[in-house]
$ cat coords-v7.pdb   # PDB, C-alpha atoms
ATOM      1  CA  MET A   1     -92.147  97.904 -87.857  1.00  0.00           C
ATOM      2  CA  ASN A   2     -92.422 100.455 -90.644  1.00  0.00           C
ATOM      3  CA  LEU A   3     -92.176 103.982 -89.336  1.00  0.00           C
ATOM      4  CA  PHE A   4     -93.329 105.342 -92.652  1.00  0.00           C
ATOM      5  CA  MET A   5     -96.565 103.400 -92.902  1.00  0.00           C
ATOM      6  CA  GLU A   6     -98.558 106.651 -92.793  1.00  0.00           C
ATOM      7  CA  SER A   7     -96.031 108.455 -94.939  1.00  0.00           C
ATOM      8  CA  SER A   8     -95.802 109.223 -98.636  1.00  0.00           C
ATOM      9  CA  PRO A   9     -95.784 106.502-101.283  1.00  0.00           C
ATOM     10  CA  GLN A  10     -92.149 107.312-102.071  1.00  0.00           C
ATOM     11  CA  THR A  11     -89.851 104.334-101.887  1.00  0.00           C
ATOM     12  CA  ILE A  12     -87.520 104.615 -98.958  1.00  0.00           C
ATOM     13  CA  PRO A  13     -84.265 102.751 -99.457  1.00  0.00           C
ATOM     14  CA  PRO A  14     -84.153  99.826 -96.994  1.00  0.00           C
ATOM     15  CA  ALA A  15     -80.823 100.962 -95.533  1.00  0.00           C
ATOM     16  CA  MET A  16     -82.263 104.378 -94.792  1.00  0.00           C
ATOM     17  CA  LEU A  17     -85.424 102.915 -93.321  1.00  0.00           C
ATOM     18  CA  GLU A  18     -83.308 100.745 -91.078  1.00  0.00           C
ATOM     19  CA  ALA A  19     -81.177 103.713 -90.023  1.00  0.00           C
ATOM     20  CA  LEU A  20     -84.283 105.789 -89.287  1.00  0.00           C
ATOM     21  CA  ASP A  21     -85.702 102.925 -87.244  1.00  0.00           C
ATOM     22  CA  ARG A  22     -82.488 102.843 -85.231  1.00  0.00           C
ATOM     23  CA  LEU A  23     -82.680 106.590 -84.627  1.00  0.00           C
ATOM     24  CA  TRP A  24     -86.353 106.300 -83.600  1.00  0.00           C
ATOM     25  CA  THR A  25     -85.391 103.693 -81.000  1.00  0.00           C
ATOM     26  CA  LYS A  26     -82.436 105.771 -79.874  1.00  0.00           C
ATOM     27  CA  PHE A  27     -84.496 108.917 -79.386  1.00  0.00           C
ATOM     28  CA  LEU A  28     -87.683 107.323 -78.079  1.00  0.00           C
ATOM     29  CA  PRO A  29     -86.721 108.083 -74.442  1.00  0.00           C
ATOM     30  CA  GLU A  30     -86.476 111.785 -75.314  1.00  0.00           C
ATOM     31  CA  ILE A  31     -89.819 111.636 -77.125  1.00  0.00           C
ATOM     32  CA  GLU A  32     -91.278 109.910 -74.051  1.00  0.00           C
ATOM     33  CA  ASN A  33     -89.880 112.684 -71.834  1.00  0.00           C
ATOM     34  CA  ARG A  34     -91.607 115.310 -73.952  1.00  0.00           C
ATOM     35  CA  MET A  35     -94.845 113.288 -73.888  1.00  0.00           C
ATOM     36  CA  GLY A  36     -94.567 113.078 -70.096  1.00  0.00           C
ATOM     37  CA  VAL A  37     -94.363 116.867 -69.868  1.00  0.00           C
ATOM     38  CA  LEU A  38     -97.452 117.199 -72.096  1.00  0.00           C
ATOM     39  CA  GLU A  39     -99.468 114.588 -70.195  1.00  0.00           C
ATOM     40  CA  SER A  40     -98.608 116.095 -66.836  1.00  0.00           C
ATOM     41  CA  ALA A  41     -99.572 119.588 -68.054  1.00  0.00           C
ATOM     42  CA  ALA A  42    -102.834 118.314 -69.557  1.00  0.00           C
ATOM     43  CA  ARG A  43    -103.759 116.703 -66.227  1.00  0.00           C
ATOM     44  CA  ALA A  44    -102.859 119.881 -64.328  1.00  0.00           C
ATOM     45  CA  LEU A  45    -104.956 121.966 -66.725  1.00  0.00           C
ATOM     46  CA  GLU A  46    -107.962 119.698 -66.243  1.00  0.00           C
ATOM     47  CA  SER A  47    -107.537 120.037 -62.462  1.00  0.00           C
ATOM     48  CA  GLY A  48    -107.198 123.812 -62.764  1.00  0.00           C
ATOM     49  CA  VAL A  49    -103.703 123.854 -61.259  1.00  0.00           C
ATOM     50  CA  LEU A  50    -101.479 124.411 -64.322  1.00  0.00           C
ATOM     51  CA  SER A  51     -98.661 126.811 -63.426  1.00  0.00           C
ATOM     52  CA  ALA A  52     -97.114 129.278 -65.882  1.00  0.00           C
ATOM     53  CA  ASP A  53     -93.857 127.290 -65.819  1.00  0.00           C
ATOM     54  CA  GLU A  54     -95.668 124.021 -66.594  1.00  0.00           C
ATOM     55  CA  ARG A  55     -97.567 125.698 -69.419  1.00  0.00           C
ATOM     56  CA  GLU A  56     -94.329 127.005 -70.939  1.00  0.00           C
ATOM     57  CA  ALA A  57     -92.636 123.617 -70.564  1.00  0.00           C
ATOM     58  CA  ALA A  58     -95.616 121.940 -72.273  1.00  0.00           C
ATOM     59  CA  HIS A  59     -95.541 124.551 -75.044  1.00  0.00           C
ATOM     60  CA  GLN A  60     -91.835 123.825 -75.649  1.00  0.00           C
ATOM     61  CA  ALA A  61     -92.340 120.054 -75.521  1.00  0.00           C
ATOM     62  CA  ALA A  62     -95.211 120.238 -78.024  1.00  0.00           C
ATOM     63  CA  HIS A  63     -93.122 122.455 -80.319  1.00  0.00           C
ATOM     64  CA  LYS A  64     -90.262 119.953 -80.325  1.00  0.00           C
ATOM     65  CA  LEU A  65     -92.593 117.002 -80.916  1.00  0.00           C
ATOM     66  CA  ALA A  66     -94.241 118.858 -83.799  1.00  0.00           C
ATOM     67  CA  GLY A  67     -90.818 119.356 -85.344  1.00  0.00           C
ATOM     68  CA  VAL A  68     -89.643 115.782 -85.087  1.00  0.00           C
ATOM     69  CA  LEU A  69     -92.573 113.340 -85.339  1.00  0.00           C
ATOM     70  CA  GLY A  70     -93.271 113.951 -89.019  1.00  0.00           C
ATOM     71  CA  THR A  71     -89.611 113.398 -89.801  1.00  0.00           C
ATOM     72  CA  PHE A  72     -90.108 109.852 -88.531  1.00  0.00           C
ATOM     73  CA  GLY A  73     -93.229 109.490 -90.676  1.00  0.00           C
ATOM     74  CA  LEU A  74     -95.745 110.393 -87.949  1.00  0.00           C
ATOM     75  CA  HIS A  75     -97.392 113.282 -89.786  1.00  0.00           C
ATOM     76  CA  ARG A  76    -100.622 113.046 -87.795  1.00  0.00           C
ATOM     77  CA  GLY A  77     -98.434 113.265 -84.694  1.00  0.00           C
ATOM     78  CA  THR A  78     -96.990 116.543 -85.941  1.00  0.00           C
ATOM     79  CA  GLU A  79    -100.528 117.903 -86.509  1.00  0.00           C
ATOM     80  CA  LEU A  80    -101.645 116.940 -83.011  1.00  0.00           C
ATOM     81  CA  ALA A  81     -98.485 118.336 -81.432  1.00  0.00           C
ATOM     82  CA  ARG A  82     -98.987 121.621 -83.311  1.00  0.00           C
ATOM     83  CA  GLN A  83    -102.517 121.860 -81.927  1.00  0.00           C
ATOM     84  CA  ALA A  84    -101.186 121.200 -78.440  1.00  0.00           C
ATOM     85  CA  GLU A  85     -98.433 123.792 -78.988  1.00  0.00           C
ATOM     86  CA  LEU A  86    -101.027 126.424 -79.876  1.00  0.00           C
ATOM     87  CA  GLY A  87    -103.280 125.336 -77.016  1.00  0.00           C
ATOM     88  CA  PHE A  88    -100.528 125.647 -74.427  1.00  0.00           C
ATOM     89  CA  SER A  89     -99.395 128.992 -75.855  1.00  0.00           C
ATOM     90  CA  ASN A  90    -102.725 130.723 -75.194  1.00  0.00           C
ATOM     91  CA  GLU A  91    -102.677 131.960 -78.797  1.00  0.00           C
ATOM     92  CA  ARG A  92    -106.150 130.587 -79.250  1.00  0.00           C
ATOM     93  CA  PRO A  93    -108.629 129.525 -76.615  1.00  0.00           C
ATOM     94  CA  VAL A  94    -108.999 125.776 -76.220  1.00  0.00           C
ATOM     95  CA  SER A  95    -110.648 123.766 -73.493  1.00  0.00           C
ATOM     96  CA  ALA A  96    -108.799 121.483 -71.125  1.00  0.00           C
ATOM     97  CA  GLY A  97    -110.833 118.636 -72.619  1.00  0.00           C
ATOM     98  CA  GLU A  98    -109.622 119.395 -76.155  1.00  0.00           C
ATOM     99  CA  LEU A  99    -105.991 119.532 -75.054  1.00  0.00           C
ATOM    100  CA  SER A 100    -106.318 116.272 -73.133  1.00  0.00           C
ATOM    101  CA  TYR A 101    -107.884 114.648 -76.174  1.00  0.00           C
ATOM    102  CA  TRP A 102    -105.012 115.731 -78.454  1.00  0.00           C
ATOM    103  CA  VAL A 103    -102.410 114.583 -75.959  1.00  0.00           C
ATOM    104  CA  ALA A 104    -104.152 111.209 -75.573  1.00  0.00           C
ATOM    105  CA  GLU A 105    -104.289 110.811 -79.369  1.00  0.00           C
ATOM    106  CA  LEU A 106    -100.603 111.640 -79.550  1.00  0.00           C
ATOM    107  CA  ARG A 107     -99.863 109.015 -76.908  1.00  0.00           C
ATOM    108  CA  LEU A 108    -101.765 106.397 -78.922  1.00  0.00           C
ATOM    109  CA  LEU A 109     -99.855 107.221 -82.108  1.00  0.00           C
ATOM    110  CA  ILE A 110     -96.481 106.995 -80.393  1.00  0.00           C
ATOM    111  CA  ASP A 111     -97.371 103.752 -78.615  1.00  0.00           C
ATOM    112  CA  GLN A 112     -98.424 102.227 -81.938  1.00  0.00           C
ATOM    113  CA  ARG A 113     -94.957 102.947 -83.339  1.00  0.00           C
ATOM    114  CA  LYS A 114     -93.026 101.382 -80.478  1.00  0.00           C
TER
ATOM    115  CA  MET B   1     -71.182 117.105-106.560  1.00  0.00           C
ATOM    116  CA  SER B   2     -69.844 116.566-103.089  1.00  0.00           C
ATOM    117  CA  ARG B   3     -70.610 119.327-100.622  1.00  0.00           C
ATOM    118  CA  ARG B   4     -69.718 120.022 -97.043  1.00  0.00           C
ATOM    119  CA  ILE B   5     -72.665 121.048 -94.884  1.00  0.00           C
ATOM    120  CA  LEU B   6     -72.715 122.277 -91.306  1.00  0.00           C
ATOM    121  CA  ILE B   7     -75.865 121.448 -89.332  1.00  0.00           C
ATOM    122  CA  ILE B   8     -76.446 123.608 -86.241  1.00  0.00           C
ATOM    123  CA  ASP B   9     -79.284 122.313 -84.069  1.00  0.00           C
ATOM    124  CA  ASP B  10     -79.571 121.775 -80.328  1.00  0.00           C
ATOM    125  CA  GLU B  11     -81.931 118.807 -80.729  1.00  0.00           C
ATOM    126  CA  ASP B  12     -79.977 115.557 -81.042  1.00  0.00           C
ATOM    127  CA  ASP B  13     -82.752 113.711 -82.891  1.00  0.00           C
ATOM    128  CA  ILE B  14     -83.210 116.389 -85.558  1.00  0.00           C
ATOM    129  CA  ARG B  15     -79.447 116.792 -85.982  1.00  0.00           C
ATOM    130  CA  GLU B  16     -78.863 113.070 -86.439  1.00  0.00           C
ATOM    131  CA  VAL B  17     -81.769 112.498 -88.838  1.00  0.00           C
ATOM    132  CA  ALA B  18     -80.738 115.526 -90.913  1.00  0.00           C
ATOM    133  CA  ALA B  19     -77.134 114.305 -91.013  1.00  0.00           C
ATOM    134  CA  LEU B  20     -78.260 110.803 -91.998  1.00  0.00           C
ATOM    135  CA  SER B  21     -80.449 112.254 -94.720  1.00  0.00           C
ATOM    136  CA  LEU B  22     -77.815 114.552 -96.246  1.00  0.00           C
ATOM    137  CA  GLU B  23     -75.091 111.911 -96.063  1.00  0.00           C
ATOM    138  CA  THR B  24     -77.193 109.014 -97.359  1.00  0.00           C
ATOM    139  CA  VAL B  25     -79.383 110.676 -99.961  1.00  0.00           C
ATOM    140  CA  ALA B  26     -77.008 113.349-101.275  1.00  0.00           C
ATOM    141  CA  GLY B  27     -73.639 111.900-100.315  1.00  0.00           C
ATOM    142  CA  TRP B  28     -72.631 115.165 -98.692  1.00  0.00           C
ATOM    143  CA  ASP B  29     -70.003 115.529 -96.011  1.00  0.00           C
ATOM    144  CA  VAL B  30     -71.746 116.661 -92.817  1.00  0.00           C
ATOM    145  CA  ILE B  31     -70.354 118.486 -89.794  1.00  0.00           C
ATOM    146  CA  VAL B  32     -72.585 119.096 -86.778  1.00  0.00           C
ATOM    147  CA  ALA B  33     -72.810 121.605 -83.947  1.00  0.00           C
ATOM    148  CA  SER B  34     -75.225 121.518 -81.034  1.00  0.00           C
ATOM    149  CA  SER B  35     -75.328 125.249 -80.258  1.00  0.00           C
ATOM    150  CA  GLY B  36     -75.025 128.590 -81.988  1.00  0.00           C
ATOM    151  CA  ALA B  37     -71.686 129.295 -80.290  1.00  0.00           C
ATOM    152  CA  GLN B  38     -70.255 125.926 -81.347  1.00  0.00           C
ATOM    153  CA  GLY B  39     -71.637 126.490 -84.832  1.00  0.00           C
ATOM    154  CA  LEU B  40     -69.757 129.777 -85.203  1.00  0.00           C
ATOM    155  CA  LEU B  41     -66.487 128.039 -84.369  1.00  0.00           C
ATOM    156  CA  ARG B  42     -67.131 125.063 -86.660  1.00  0.00           C
ATOM    157  CA  ALA B  43     -68.151 127.331 -89.539  1.00  0.00           C
ATOM    158  CA  ALA B  44     -64.935 129.352 -89.300  1.00  0.00           C
ATOM    159  CA  GLU B  45     -62.812 126.213 -88.923  1.00  0.00           C
ATOM    160  CA  HIS B  46     -64.382 123.985 -91.603  1.00  0.00           C
ATOM    161  CA  GLN B  47     -65.628 126.551 -94.138  1.00  0.00           C
ATOM    162  CA  PRO B  48     -68.712 124.537 -95.175  1.00  0.00           C
ATOM    163  CA  ASP B  49     -70.422 125.103 -98.514  1.00  0.00           C
ATOM    164  CA  ALA B  50     -73.655 125.859 -96.636  1.00  0.00           C
ATOM    165  CA  ILE B  51     -75.148 125.870 -93.153  1.00  0.00           C
ATOM    166  CA  LEU B  52     -78.476 124.374 -92.070  1.00  0.00           C
ATOM    167  CA  LEU B  53     -79.363 126.421 -88.993  1.00  0.00           C
ATOM    168  CA  ASP B  54     -82.115 125.755 -86.450  1.00  0.00           C
ATOM    169  CA  VAL B  55     -84.121 128.805 -85.401  1.00  0.00           C
ATOM    170  CA  MET B  56     -85.152 128.020 -81.850  1.00  0.00           C
ATOM    171  CA  MET B  57     -82.149 127.150 -79.708  1.00  0.00           C
ATOM    172  CA  PRO B  58     -81.361 127.969 -76.096  1.00  0.00           C
ATOM    173  CA  GLY B  59     -78.697 130.634 -75.572  1.00  0.00           C
ATOM    174  CA  MET B  60     -77.807 131.934 -79.018  1.00  0.00           C
ATOM    175  CA  ASP B  61     -80.829 131.355 -81.244  1.00  0.00           C
ATOM    176  CA  GLY B  62     -80.742 130.875 -85.010  1.00  0.00           C
ATOM    177  CA  PRO B  63     -81.274 134.511 -86.068  1.00  0.00           C
ATOM    178  CA  THR B  64     -78.571 135.706 -83.629  1.00  0.00           C
ATOM    179  CA  THR B  65     -76.196 132.989 -84.842  1.00  0.00           C
ATOM    180  CA  PHE B  66     -76.887 134.051 -88.426  1.00  0.00           C
ATOM    181  CA  ARG B  67     -76.075 137.702 -87.648  1.00  0.00           C
ATOM    182  CA  GLU B  68     -72.835 136.635 -85.922  1.00  0.00           C
ATOM    183  CA  LEU B  69     -71.884 134.527 -88.958  1.00  0.00           C
ATOM    184  CA  ARG B  70     -72.403 137.546 -91.196  1.00  0.00           C
ATOM    185  CA  LYS B  71     -70.322 139.806 -88.940  1.00  0.00           C
ATOM    186  CA  ASN B  72     -67.252 137.559 -89.174  1.00  0.00           C
ATOM    187  CA  PRO B  73     -65.379 137.971 -92.490  1.00  0.00           C
ATOM    188  CA  ALA B  74     -64.366 134.287 -92.296  1.00  0.00           C
ATOM    189  CA  THR B  75     -67.998 133.131 -92.358  1.00  0.00           C
ATOM    190  CA  ALA B  76     -69.856 136.091 -93.860  1.00  0.00           C
ATOM    191  CA  LYS B  77     -70.248 134.561 -97.302  1.00  0.00           C
ATOM    192  CA  ILE B  78     -71.336 131.058 -96.284  1.00  0.00           C
ATOM    193  CA  PRO B  79     -74.938 130.547 -97.432  1.00  0.00           C
ATOM    194  CA  VAL B  80     -77.411 129.776 -94.658  1.00  0.00           C
ATOM    195  CA  VAL B  81     -80.719 127.924 -94.750  1.00  0.00           C
ATOM    196  CA  LEU B  82     -82.891 128.211 -91.655  1.00  0.00           C
ATOM    197  CA  LEU B  83     -84.783 125.223 -90.289  1.00  0.00           C
ATOM    198  CA  THR B  84     -87.842 125.995 -88.195  1.00  0.00           C
ATOM    199  CA  ALA B  85     -90.909 124.320 -86.737  1.00  0.00           C
ATOM    200  CA  LYS B  86     -92.710 127.677 -86.853  1.00  0.00           C
ATOM    201  CA  VAL B  87     -94.991 127.348 -89.833  1.00  0.00           C
ATOM    202  CA  GLN B  88     -97.121 130.479 -89.566  1.00  0.00           C
ATOM    203  CA  GLY B  89     -96.812 133.096 -92.311  1.00  0.00           C
ATOM    204  CA  PRO B  90     -95.556 136.032 -90.206  1.00  0.00           C
ATOM    205  CA  ASP B  91     -92.775 133.922 -88.690  1.00  0.00           C
ATOM    206  CA  GLN B  92     -91.716 132.621 -92.101  1.00  0.00           C
ATOM    207  CA  ARG B  93     -91.606 136.157 -93.539  1.00  0.00           C
ATOM    208  CA  ARG B  94     -89.635 137.446 -90.540  1.00  0.00           C
ATOM    209  CA  PHE B  95     -87.036 134.720 -91.008  1.00  0.00           C
ATOM    210  CA  ALA B  96     -86.827 135.235 -94.772  1.00  0.00           C
ATOM    211  CA  ASP B  97     -86.288 138.967 -94.180  1.00  0.00           C
ATOM    212  CA  LEU B  98     -83.108 138.226 -92.232  1.00  0.00           C
ATOM    213  CA  GLY B  99     -81.302 137.688 -95.524  1.00  0.00           C
ATOM    214  CA  VAL B 100     -80.858 133.931 -95.382  1.00  0.00           C
ATOM    215  CA  GLU B 101     -80.800 131.889 -98.581  1.00  0.00           C
ATOM    216  CA  GLY B 102     -83.848 129.873 -97.588  1.00  0.00           C
ATOM    217  CA  VAL B 103     -86.227 128.777 -94.862  1.00  0.00           C
ATOM    218  CA  LEU B 104     -87.198 125.105 -94.511  1.00  0.00           C
ATOM    219  CA  THR B 105     -89.817 123.801 -92.128  1.00  0.00           C
ATOM    220  CA  LYS B 106     -89.774 120.979 -89.623  1.00  0.00           C
ATOM    221  CA  PRO B 107     -90.722 118.242 -89.862  1.00  0.00           C
ATOM    222  CA  PHE B 108     -88.659 117.657 -92.963  1.00  0.00           C
ATOM    223  CA  ASP B 109     -88.818 114.613 -95.185  1.00  0.00           C
ATOM    224  CA  PRO B 110     -85.485 112.783 -94.904  1.00  0.00           C
ATOM    225  CA  LEU B 111     -85.765 111.759 -98.536  1.00  0.00           C
ATOM    226  CA  THR B 112     -86.130 115.302 -99.863  1.00  0.00           C
ATOM    227  CA  LEU B 113     -84.173 117.457 -97.400  1.00  0.00           C
ATOM    228  CA  ALA B 114     -81.115 117.551 -99.664  1.00  0.00           C
ATOM    229  CA  SER B 115     -83.125 118.528-102.738  1.00  0.00           C
ATOM    230  CA  GLN B 116     -84.943 121.212-100.744  1.00  0.00           C
ATOM    231  CA  MET B 117     -81.579 122.611 -99.687  1.00  0.00           C
ATOM    232  CA  GLU B 118     -80.262 122.457-103.241  1.00  0.00           C
ATOM    233  CA  SER B 119     -83.300 124.347-104.420  1.00  0.00           C
ATOM    234  CA  ALA B 120     -83.001 127.007-101.687  1.00  0.00           C
ATOM    235  CA  LEU B 121     -79.298 127.442-102.409  1.00  0.00           C
ATOM    236  CA  GLY B 122     -79.643 127.531-106.176  1.00  0.00           C
ATOM    237  CA  TRP B 123     -77.619 124.356-106.519  1.00  0.00           C
ATOM    238  CA  ALA B 124     -80.328 122.419-108.306  1.00  0.00           C
TER
END
$ encode --input "coords-v7.pdb" --output "structure tokens"
Amino acid sequence: MNLFMESSPQTIPPAMLEALDRLWTKFLPEIENRMGVLESAARALESGVLSADEREAAHQAAHKLAGVLGTFGLHRGTELARQAELGFSNERPVSAGELSYWVAELRLLIDQRK
Amino acid sequence: MSRRILIIDDEDDIREVAALSLETVAGWDVIVASSGAQGLLRAAEHQPDAILLDVMMPGMDGPTTFRELRKNPATAKIPVVLLTAKVQGPDQRRFADLGVEGVLTKPFDPLTLASQMESALGWA
């Protein structure tokens, strides 16, 4: 597995790549937790039952994912998480369908890196 | 040149990747703290050459931690670089106006974090 396959052409020292891989594995459960919050909120939004607390939790989870995914080479993941962060913050109007699409794309990206 | 850096971030993954990056790429000595309050203590105790400080933390956030660092004569002169996932212009300007030495954005590139810090701190 190469976590930096979508990353820059810079040469990453093998020892560092290995260490980053270890950290990715170590923190995957936390990333999964954040994804779970996003997926649950996206489903609630589509059903029209998203509470203010769930929206805030999803906003926080998306913010944290945006901050970390690119560090592990998942730059597209950071872009999608940023869109979800904005969507769950009400800063710009987005449809439930758009948010669900971004969250599903994010899920695909993360699953591909497992 | 060997440096001692204090990383203050509540997120374990960010803290560990940043520490790995600064230790491996730059060979710096890294100390970590998982909250603003812990960071204040570690800064006074270890007197790092610089602090990499997360903005959004529960309890004492980055800007509040920065102001507390500046209030304490023991830590007032330690240069601080903020680390934030907020990438919009107004947020960046607000953070820069605090008086920190630099503002870096998440996600950071583990290969270039040290050089970005050096540049922000005028160490380059």
$ residues_around --input "coords-v7.pdb" --residues "Glu23 (chain B)" --least-positions-apart "6" --cutoff "10 Å" --atoms "all atoms listed in the file" --output "list in words"
Ser2, Arg3, Arg4, Ile5, Val17, Asp29, Val30 and Ala114 of chain B
$ atom_distance --input "coords-v7.pdb" --atom1 "CA of Val25 (chain B)" --atom2 "CA of Ser115 (chain B)"
9.1 Å
$ residues_around --input "coords-v7.pdb" --residues "Leu20 (chain A)" --least-positions-apart "5" --cutoff "12 Å" --atoms "all atoms listed in the file" --output "number ranges by chain"
A: 1-4, 12-15, 25-28, 69, 71-73; B: 13-14, 16-21, 24, 109-111
$ resolve_selection --input "coords-v7.pdb" --expression "the PyMOL selection byres ((chain A) within 12 of (chain B))" --output "PyMOL selection string"
chain A and resi 4+7-31+60-79+81-82+85-86
$ atom_distance --input "coords-v7.pdb" --atom1 "CA of Leu108 (chain A)" --atom2 "CA of Asp53 (chain A)"
25.9 Å
$ atom_distance --input "coords-v7.pdb" --atom1 "CA of Ser34 (chain B)" --atom2 "CA of Val37 (chain A)"
22.6 Å
$ resolve_selection --input "coords-v7.pdb" --expression "the PyMOL selection byres ((chain B and resi 47) around 9)" --output "list in words"
Arg4, Ile5, Leu6, Arg42, Ala43, Ala44, Glu45, His46, Pro48, Asp49, Ala50, Ala74, Thr75 and Ile78 of chain B
$ resolve_selection --input "coords-v7.pdb" --expression "the PyMOL selection byres ((chain B and resi 64) around 12)" --output "MDAnalysis selection string"
chainID B and resid 35:37 39:40 53:63 65:71 82 95 98
$ residues_near_point --input "coords-v7.pdb" --point "(-82.7, 128.4, -102.4)" --cutoff "10 Å" --atoms "all atoms listed in the file" --output "list in words"
Pro79, Val80, Val81, Val100, Glu101, Gly102, Val103, Leu104, Ser115, Gln116, Met117, Glu118, Ser119, Ala120, Leu121, Gly122, Trp123 and Ala124 of chain B
$ closest_residue --input "coords-v7.pdb" --among "A:Ala52, A:Ala41, A:Leu80, A:Ile110" --to "Ala96 (chain A)" --atoms "all atoms listed in the file"
A:Ala41
$ residues_near_point --input "coords-v7.pdb" --point "(-71.4, 111.4, -104.8)" --cutoff "7 Å" --atoms "all atoms listed in the file" --output "CSV table (one decimal) with C-alpha atoms, in the coordinates of the input"
chain,number,residue,atom,x,y,z
B,1,MET,CA,-71.2,117.1,-106.6
B,2,SER,CA,-69.8,116.6,-103.1
B,26,ALA,CA,-77.0,113.3,-101.3
B,27,GLY,CA,-73.6,111.9,-100.3
$ residues_around --input "coords-v7.pdb" --residues "region 98-106 of chain A" --least-positions-apart "3" --cutoff "7 Å" --atoms "all atoms listed in the file" --output "CSV table (one decimal) with C-alpha atoms, in the frame of the given file"
chain,number,residue,atom,x,y,z
A,38,LEU,CA,-97.5,117.2,-72.1
A,39,GLU,CA,-99.5,114.6,-70.2
A,42,ALA,CA,-102.8,118.3,-69.6
A,77,GLY,CA,-98.4,113.3,-84.7
A,80,LEU,CA,-101.6,116.9,-83.0
A,84,ALA,CA,-101.2,121.2,-78.4
A,87,GLY,CA,-103.3,125.3,-77.0
A,94,VAL,CA,-109.0,125.8,-76.2
A,95,SER,CA,-110.6,123.8,-73.5
A,109,LEU,CA,-99.9,107.2,-82.1
A,110,ILE,CA,-96.5,107.0,-80.4
